[in-house]
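> Below: one structure in structure tokens.
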Amino acid sequence: MAQRELRNRYTAADLAVFTSDEASRFIPDGDGDPQNDTVLAWELLYRLEPGLYDRLASAERLHPGVVGWLPRHVDQIAEVGAGTGRLTMELAGRGRRVVAVEPAQPLRAILRRKLAAAEHGDRVEVIHGFFDRLPLPDDFADLVVACSAFTPSPAHGGEDGLAEMERVCRPGGCVAIIWPNHLDWLAARGYRYVSFPGPMSVEFGSLPEAVELAGIFYPGAAGEIRRRGSRLVPFELIGINPPRDLAFKVLAA
Ligand SMILES: C[S@@+](CC[C@H](N)C(=O)[O-])C[C@H]1O[C@@H](n2cnc3c(N)ncnc32)[C@H](O)[C@@H]1O
């Protein structure tokens, strides 16, 4: 059965799923149209079909160079916008204590289940929070990180969110934005850039899964994905930059 594309999946009536804190960030004027606002459609996806989102995120794996770049043995780590744990699962063994901050309750539930299944439940605390008001003390972590979550927009970080990430990071610690967009914005705020080379594909579990999820998330490429007949879909084919890069800042000691 044909799947509805993300941009046609939800209507304004679905905005009622937002809590008041979420609404104040994602629909500050009190209304919005997810059929004309993809960012809003993603926020609805996290809350209305979290399992569908998780299937996509699980296929869009991070470049091993990104994971390898992160420090291996630190005391405390804070991740913001942890989602269903694409990065969190990698962080679990790297800090004595890891706190994963995630605003969307359904994503927190999936993340907690995954951590428990991997026996990381006692090492990683999953809590509610937003970039612009992190529920963590000053100088809390050696590494403060966000993956595919931070943008310069106030709803998804912005100036206040970056200041909060830096507040929570101890002097000499590192703030890292993984799979960043708006590199110039981050560079202007003292962030350096690292990118890891090599071909990268979205790694779906099977061809039917690739065809189904492409129909929803990359409809322009769905025909070609079906024609190629492979569960592996090069990022170039779907026209998005691969998760091969990060921007970071080491705070003055
Ligand atoms: C594309 S998902 C990425 C999730 C996860 N980091 C990953 O890489 O799979 C974006 C995440 O940012 C979260 N998010 C959106 N707005 C946020 C905000 N203002 N503060 C913190 N997290 C936010 C979403 O709930 C979602 O989990």
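Ordering of the structure tokens sets the chain letters (A, B, ...), residue numbers begin anew at 1 in every chain, and ligands are numbered from 1 in the order given.
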Which residues, written as an NGL selection string, have at least one atom at most 12 Å from A:Ser20, with only C-alpha atoms counted and residues fewer than 6 positions away on the same chain left out?
:A and (26-28 or 30 or 103)
> Please write out the residues within 6 Å of ligand 1 as a PyMOL selection string, counting only C-alpha atoms and all ligand atoms.
chain A and resi 57+80-87+102-104+130-131+147-149+155-157
> Return as an MDAnalysis selection string the full set of residues in stretch 5-242 of chain A whose backbone-based DSSP assignment is helix (DSSP H, G or I).
chainID A and resid 6:8 12:17 20:26 38:48 50:59 64:69 88:91 105:117 154:156 158:168 183:187 207:217 219:228 235:238
> Could you list, as a list in words, every residue within 7 Å of stretch 228-234 of chain A, counting only C-alpha atoms and ignoring same-chain residues fewer than 6 positions away?
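So, after excluding close chain neighbours, the residues are Met200, Ser201, Val202, Glu203, Phe204, Gly205, Ser206, Leu207 and Ala210 of chain A.
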> Taking 5 positions as the minimum chain separation for residues in the same chain, which residues sit within 12 Å of A:Gly198 when counting only C-alpha atoms? Answer as an MDAnalysis selection string.
chainID A and resid 63:65 234:235 242:245
> Write a file of the selected residues as a PDB file, in the first residue's frame, keeping all heavy atoms.

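Writing the result to out-v1.pdb gives the following:
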ATOM      1  N   HIS A  63      28.739   8.119  10.381  1.00  0.00           N
ATOM      2  CA  HIS A  63      30.056   7.689   9.895  1.00  0.00           C
ATOM      3  C   HIS A  63      30.886   7.223  11.106  1.00  0.00           C
ATOM      4  O   HIS A  63      30.923   7.911  12.130  1.00  0.00           O
ATOM      5  CB  HIS A  63      30.725   8.889   9.227  1.00  0.00           C
ATOM      6  CG  HIS A  63      31.952   8.540   8.446  1.00  0.00           C
ATOM      7  ND1 HIS A  63      33.094   8.015   9.029  1.00  0.00           N
ATOM      8  CD2 HIS A  63      32.235   8.660   7.125  1.00  0.00           C
ATOM      9  CE1 HIS A  63      34.017   7.832   8.103  1.00  0.00           C
ATOM     10  NE2 HIS A  63      33.516   8.211   6.935  1.00  0.00           N
ATOM     11  N   PRO A  64      31.573   6.078  10.981  1.00  0.00           N
ATOM     12  CA  PRO A  64      32.370   5.600  12.122  1.00  0.00           C
ATOM     13  C   PRO A  64      33.427   6.608  12.567  1.00  0.00           C
ATOM     14  O   PRO A  64      33.811   6.638  13.744  1.00  0.00           O
ATOM     15  CB  PRO A  64      33.013   4.302  11.615  1.00  0.00           C
ATOM     16  CG  PRO A  64      32.556   4.113  10.215  1.00  0.00           C
ATOM     17  CD  PRO A  64      31.554   5.158   9.846  1.00  0.00           C
ATOM     18  N   GLY A  65      33.880   7.455  11.644  1.00  0.00           N
ATOM     19  CA  GLY A  65      34.865   8.480  12.015  1.00  0.00           C
ATOM     20  C   GLY A  65      34.293   9.464  13.027  1.00  0.00           C
ATOM     21  O   GLY A  65      35.005   9.933  13.927  1.00  0.00           O
ATOM     22  N   PRO A 234      22.681   5.241  -1.589  1.00  0.00           N
ATOM     23  CA  PRO A 234      23.687   6.296  -1.402  1.00  0.00           C
ATOM     24  C   PRO A 234      23.025   7.626  -1.029  1.00  0.00           C
ATOM     25  O   PRO A 234      21.964   7.971  -1.564  1.00  0.00           O
ATOM     26  CB  PRO A 234      24.348   6.395  -2.783  1.00  0.00           C
ATOM     27  CG  PRO A 234      24.065   5.086  -3.440  1.00  0.00           C
ATOM     28  CD  PRO A 234      22.736   4.625  -2.905  1.00  0.00           C
ATOM     29  N   PHE A 235      23.653   8.342  -0.092  1.00  0.00           N
ATOM     30  CA  PHE A 235      23.078   9.623   0.331  1.00  0.00           C
ATOM     31  C   PHE A 235      22.915  10.581  -0.851  1.00  0.00           C
ATOM     32  O   PHE A 235      21.987  11.385  -0.865  1.00  0.00           O
ATOM     33  CB  PHE A 235      23.938  10.252   1.445  1.00  0.00           C
ATOM     34  CG  PHE A 235      23.571   9.757   2.820  1.00  0.00           C
ATOM     35  CD1 PHE A 235      24.173   8.633   3.351  1.00  0.00           C
ATOM     36  CD2 PHE A 235      22.607  10.404   3.578  1.00  0.00           C
ATOM     37  CE1 PHE A 235      23.829   8.175   4.617  1.00  0.00           C
ATOM     38  CE2 PHE A 235      22.245   9.952   4.848  1.00  0.00           C
ATOM     39  CZ  PHE A 235      22.862   8.832   5.364  1.00  0.00           C
ATOM     40  N   PRO A 242      25.527  13.471   3.992  1.00  0.00           N
ATOM     41  CA  PRO A 242      25.589  12.311   4.899  1.00  0.00           C
ATOM     42  C   PRO A 242      26.045  12.716   6.299  1.00  0.00           C
ATOM     43  O   PRO A 242      26.690  13.750   6.467  1.00  0.00           O
ATOM     44  CB  PRO A 242      26.643  11.411   4.244  1.00  0.00           C
ATOM     45  CG  PRO A 242      27.025  12.035   2.966  1.00  0.00           C
ATOM     46  CD  PRO A 242      26.581  13.443   2.963  1.00  0.00           C
ATOM     47  N   PRO A 243      25.724  11.869   7.282  1.00  0.00           N
ATOM     48  CA  PRO A 243      26.128  12.169   8.670  1.00  0.00           C
ATOM     49  C   PRO A 243      27.598  11.849   8.895  1.00  0.00           C
ATOM     50  O   PRO A 243      27.942  10.911   9.602  1.00  0.00           O
ATOM     51  CB  PRO A 243      25.204  11.280   9.506  1.00  0.00           C
ATOM     52  CG  PRO A 243      24.771  10.185   8.604  1.00  0.00           C
ATOM     53  CD  PRO A 243      24.851  10.674   7.190  1.00  0.00           C
ATOM     54  N   ARG A 244      28.458  12.675   8.272  1.00  0.00           N
ATOM     55  CA  ARG A 244      29.889  12.403   8.287  1.00  0.00           C
ATOM     56  C   ARG A 244      30.663  13.535   8.953  1.00  0.00           C
ATOM     57  O   ARG A 244      31.881  13.580   8.856  1.00  0.00           O
ATOM     58  CB  ARG A 244      30.400  12.232   6.857  1.00  0.00           C
ATOM     59  CG  ARG A 244      30.313  13.507   6.028  1.00  0.00           C
ATOM     60  CD  ARG A 244      31.200  13.473   4.784  1.00  0.00           C
ATOM     61  NE  ARG A 244      30.608  12.857   3.621  1.00  0.00           N
ATOM     62  CZ  ARG A 244      31.030  11.686   3.118  1.00  0.00           C
ATOM     63  NH1 ARG A 244      32.001  11.046   3.684  1.00  0.00           N
ATOM     64  NH2 ARG A 244      30.455  11.204   2.032  1.00  0.00           N
ATOM     65  N   ASP A 245      29.996  14.500   9.587  1.00  0.00           N
ATOM     66  CA  ASP A 245      30.737  15.680  10.020  1.00  0.00           C
ATOM     67  C   ASP A 245      30.266  16.196  11.379  1.00  0.00           C
ATOM     68  O   ASP A 245      29.227  15.778  11.897  1.00  0.00           O
ATOM     69  CB  ASP A 245      30.653  16.777   8.952  1.00  0.00           C
ATOM     70  CG  ASP A 245      29.233  17.137   8.569  1.00  0.00           C
ATOM     71  OD1 ASP A 245      28.289  16.502   9.074  1.00  0.00           O
ATOM     72  OD2 ASP A 245      29.061  18.062   7.754  1.00  0.00           O
TER      73      ASP A 245
END
> A:Val74: which residues within 9 Å, counting only C-alpha atoms, same-chain residues fewer than 2 positions away excluded, as a list in words?
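Counting only the stated atoms, we get Pro71, Arg72, Gln76, Ile77, Arg94, Gly95, Arg96, Arg97, Ala141, Asp142 and Leu143 of chain A.
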> Save out the residues we just selected, N, CA and C atoms, as a PDB file, in the first residue's frame.

ATOM      1  N   PRO A  71      35.424  11.602  22.559  1.00  0.00           N
ATOM      2  CA  PRO A  71      36.285  11.065  23.614  1.00  0.00           C
ATOM      3  C   PRO A  71      35.751   9.738  24.151  1.00  0.00           C
ATOM      4  N   ARG A  72      36.669   8.868  24.544  1.00  0.00           N
ATOM      5  CA  ARG A  72      36.275   7.506  24.975  1.00  0.00           C
ATOM      6  C   ARG A  72      36.019   7.400  26.461  1.00  0.00           C
ATOM      7  N   GLN A  76      31.477  12.901  32.812  1.00  0.00           N
ATOM      8  CA  GLN A  76      30.041  13.102  32.569  1.00  0.00           C
ATOM      9  C   GLN A  76      29.811  13.612  31.151  1.00  0.00           C
ATOM     10  N   ILE A  77      28.742  13.123  30.551  1.00  0.00           N
ATOM     11  CA  ILE A  77      28.362  13.528  29.192  1.00  0.00           C
ATOM     12  C   ILE A  77      26.906  13.973  29.212  1.00  0.00           C
ATOM     13  N   ARG A  94      30.985   5.540  27.356  1.00  0.00           N
ATOM     14  CA  ARG A  94      32.110   6.487  27.330  1.00  0.00           C
ATOM     15  C   ARG A  94      32.185   7.411  28.523  1.00  0.00           C
ATOM     16  N   GLY A  95      31.108   7.477  29.288  1.00  0.00           N
ATOM     17  CA  GLY A  95      31.124   8.369  30.450  1.00  0.00           C
ATOM     18  C   GLY A  95      30.701   7.591  31.685  1.00  0.00           C
ATOM     19  N   ARG A  96      31.218   8.006  32.835  1.00  0.00           N
ATOM     20  CA  ARG A  96      30.744   7.383  34.086  1.00  0.00           C
ATOM     21  C   ARG A  96      29.255   7.634  34.213  1.00  0.00           C
ATOM     22  N   ARG A  97      28.861   8.836  33.790  1.00  0.00           N
ATOM     23  CA  ARG A  97      27.436   9.179  33.830  1.00  0.00           C
ATOM     24  C   ARG A  97      27.077   9.878  32.517  1.00  0.00           C
ATOM     25  N   ALA A 141      29.231  18.799  32.458  1.00  0.00           N
ATOM     26  CA  ALA A 141      29.742  17.696  31.635  1.00  0.00           C
ATOM     27  C   ALA A 141      31.084  18.029  30.985  1.00  0.00           C
ATOM     28  N   ASP A 142      31.836  16.977  30.701  1.00  0.00           N
ATOM     29  CA  ASP A 142      33.083  17.105  29.941  1.00  0.00           C
ATOM     30  C   ASP A 142      32.771  17.198  28.449  1.00  0.00           C
ATOM     31  N   LEU A 143      31.684  16.571  28.055  1.00  0.00           N
ATOM     32  CA  LEU A 143      31.248  16.595  26.653  1.00  0.00           C
ATOM     33  C   LEU A 143      29.763  16.918  26.623  1.00  0.00           C
TER      34      LEU A 143
END
> Could you check the closest approach to A:Pro50 for each of A:Gly173, A:Pro106, A:Gly239, A:Gly129 and tell me which residue wins, using only C-alpha atoms?
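Using only C-alpha atoms, the shortest distance to A:Pro50 belongs to A:Pro106.
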> Skipping near chain neighbours, those fewer than 5 positions away, what residues fall within 10 Å of A:Leu52 using only C-alpha atoms, listed as a ChimeraX atom specification?
/A:45-46,57,213,216
> Can you write just those residues out, N, CA, C and O atoms, as a PDB file, in the first residue's frame?

ATOM      1  N   LEU A  45       5.854  13.913  13.664  1.00  0.00           N
ATOM      2  CA  LEU A  45       6.303  12.524  13.487  1.00  0.00           C
ATOM      3  C   LEU A  45       6.863  11.971  14.802  1.00  0.00           C
ATOM      4  O   LEU A  45       6.512  10.852  15.204  1.00  0.00           O
ATOM      5  N   TYR A  46       7.718  12.744  15.483  1.00  0.00           N
ATOM      6  CA  TYR A  46       8.324  12.250  16.733  1.00  0.00           C
ATOM      7  C   TYR A  46       7.260  11.880  17.758  1.00  0.00           C
ATOM      8  O   TYR A  46       7.454  10.983  18.569  1.00  0.00           O
ATOM      9  N   ALA A  57      15.828   6.665  11.426  1.00  0.00           N
ATOM     10  CA  ALA A  57      17.084   7.063  12.083  1.00  0.00           C
ATOM     11  C   ALA A  57      18.035   5.868  12.208  1.00  0.00           C
ATOM     12  O   ALA A  57      19.248   6.018  12.102  1.00  0.00           O
ATOM     13  N   LEU A 213      10.084   3.316   3.224  1.00  0.00           N
ATOM     14  CA  LEU A 213      10.510   4.536   3.925  1.00  0.00           C
ATOM     15  C   LEU A 213      10.873   5.645   2.940  1.00  0.00           C
ATOM     16  O   LEU A 213      10.631   6.829   3.211  1.00  0.00           O
ATOM     17  N   ILE A 216       7.955   7.692   1.976  1.00  0.00           N
ATOM     18  CA  ILE A 216       7.532   8.662   3.001  1.00  0.00           C
ATOM     19  C   ILE A 216       8.517   9.817   3.113  1.00  0.00           C
ATOM     20  O   ILE A 216       8.121  10.988   3.140  1.00  0.00           O
TER      21      ILE A 216
END
> Separation of atom CA of A:Leu111 and atom CA of A:Val144, in Å?
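According to the coordinates, atom CA of A:Leu111 and atom CA of A:Val144 are separated by 18.2 Å.
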> In terms of the shortest atom-to-atom distance over only C-alpha atoms, which of A:Val98, A:Val211, A:Ala222, A:Ala253 is closest to A:Cys174?
A:Ala253
> Quick one: residues within 10 Å of stretch 183-197 of chain A, only C-alpha atoms counted, chain neighbours fewer than 5 positions away excluded, as a list in words?
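Selected residues are His63, Pro64, Gly65, Val66, Trp69, Thr151, Pro152, Gly158, Glu159, Leu162, Val175, Ala176, Ile177, Ile178, Pro242, Pro243, Arg244, Asp245, Leu246, Ala247, Phe248, Lys249, Val250 and Leu251 of chain A.
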> Can you work out which one of A:Ser153, A:Leu15, A:Gln35, A:His73 has the shortest atom-to-atom distance to A:His182, counting only C-alpha atoms?
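Among A:Ser153, A:Leu15, A:Gln35, A:His73, it is A:Ser153 that comes nearest to A:His182.
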> With distances taken over only C-alpha atoms, which of A:Glu119, A:Asp75, A:Glu166, A:Asp160 is nearest to A:Pro137?
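Of A:Glu119, A:Asp75, A:Glu166, A:Asp160, the one nearest A:Pro137, counting only C-alpha atoms, is A:Glu166.
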> Between atom CA of A:Ala16 and atom CA of A:Phe150, what is the distance, to one decimal in Å?
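Atom CA of A:Phe150 lies 23.9 Å from atom CA of A:Ala16.
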> What is the atom CA of A:Glu209 to atom CA of A:Gly223 distance in Å?
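Atom CA of A:Gly223 lies 13.7 Å from atom CA of A:Glu209.
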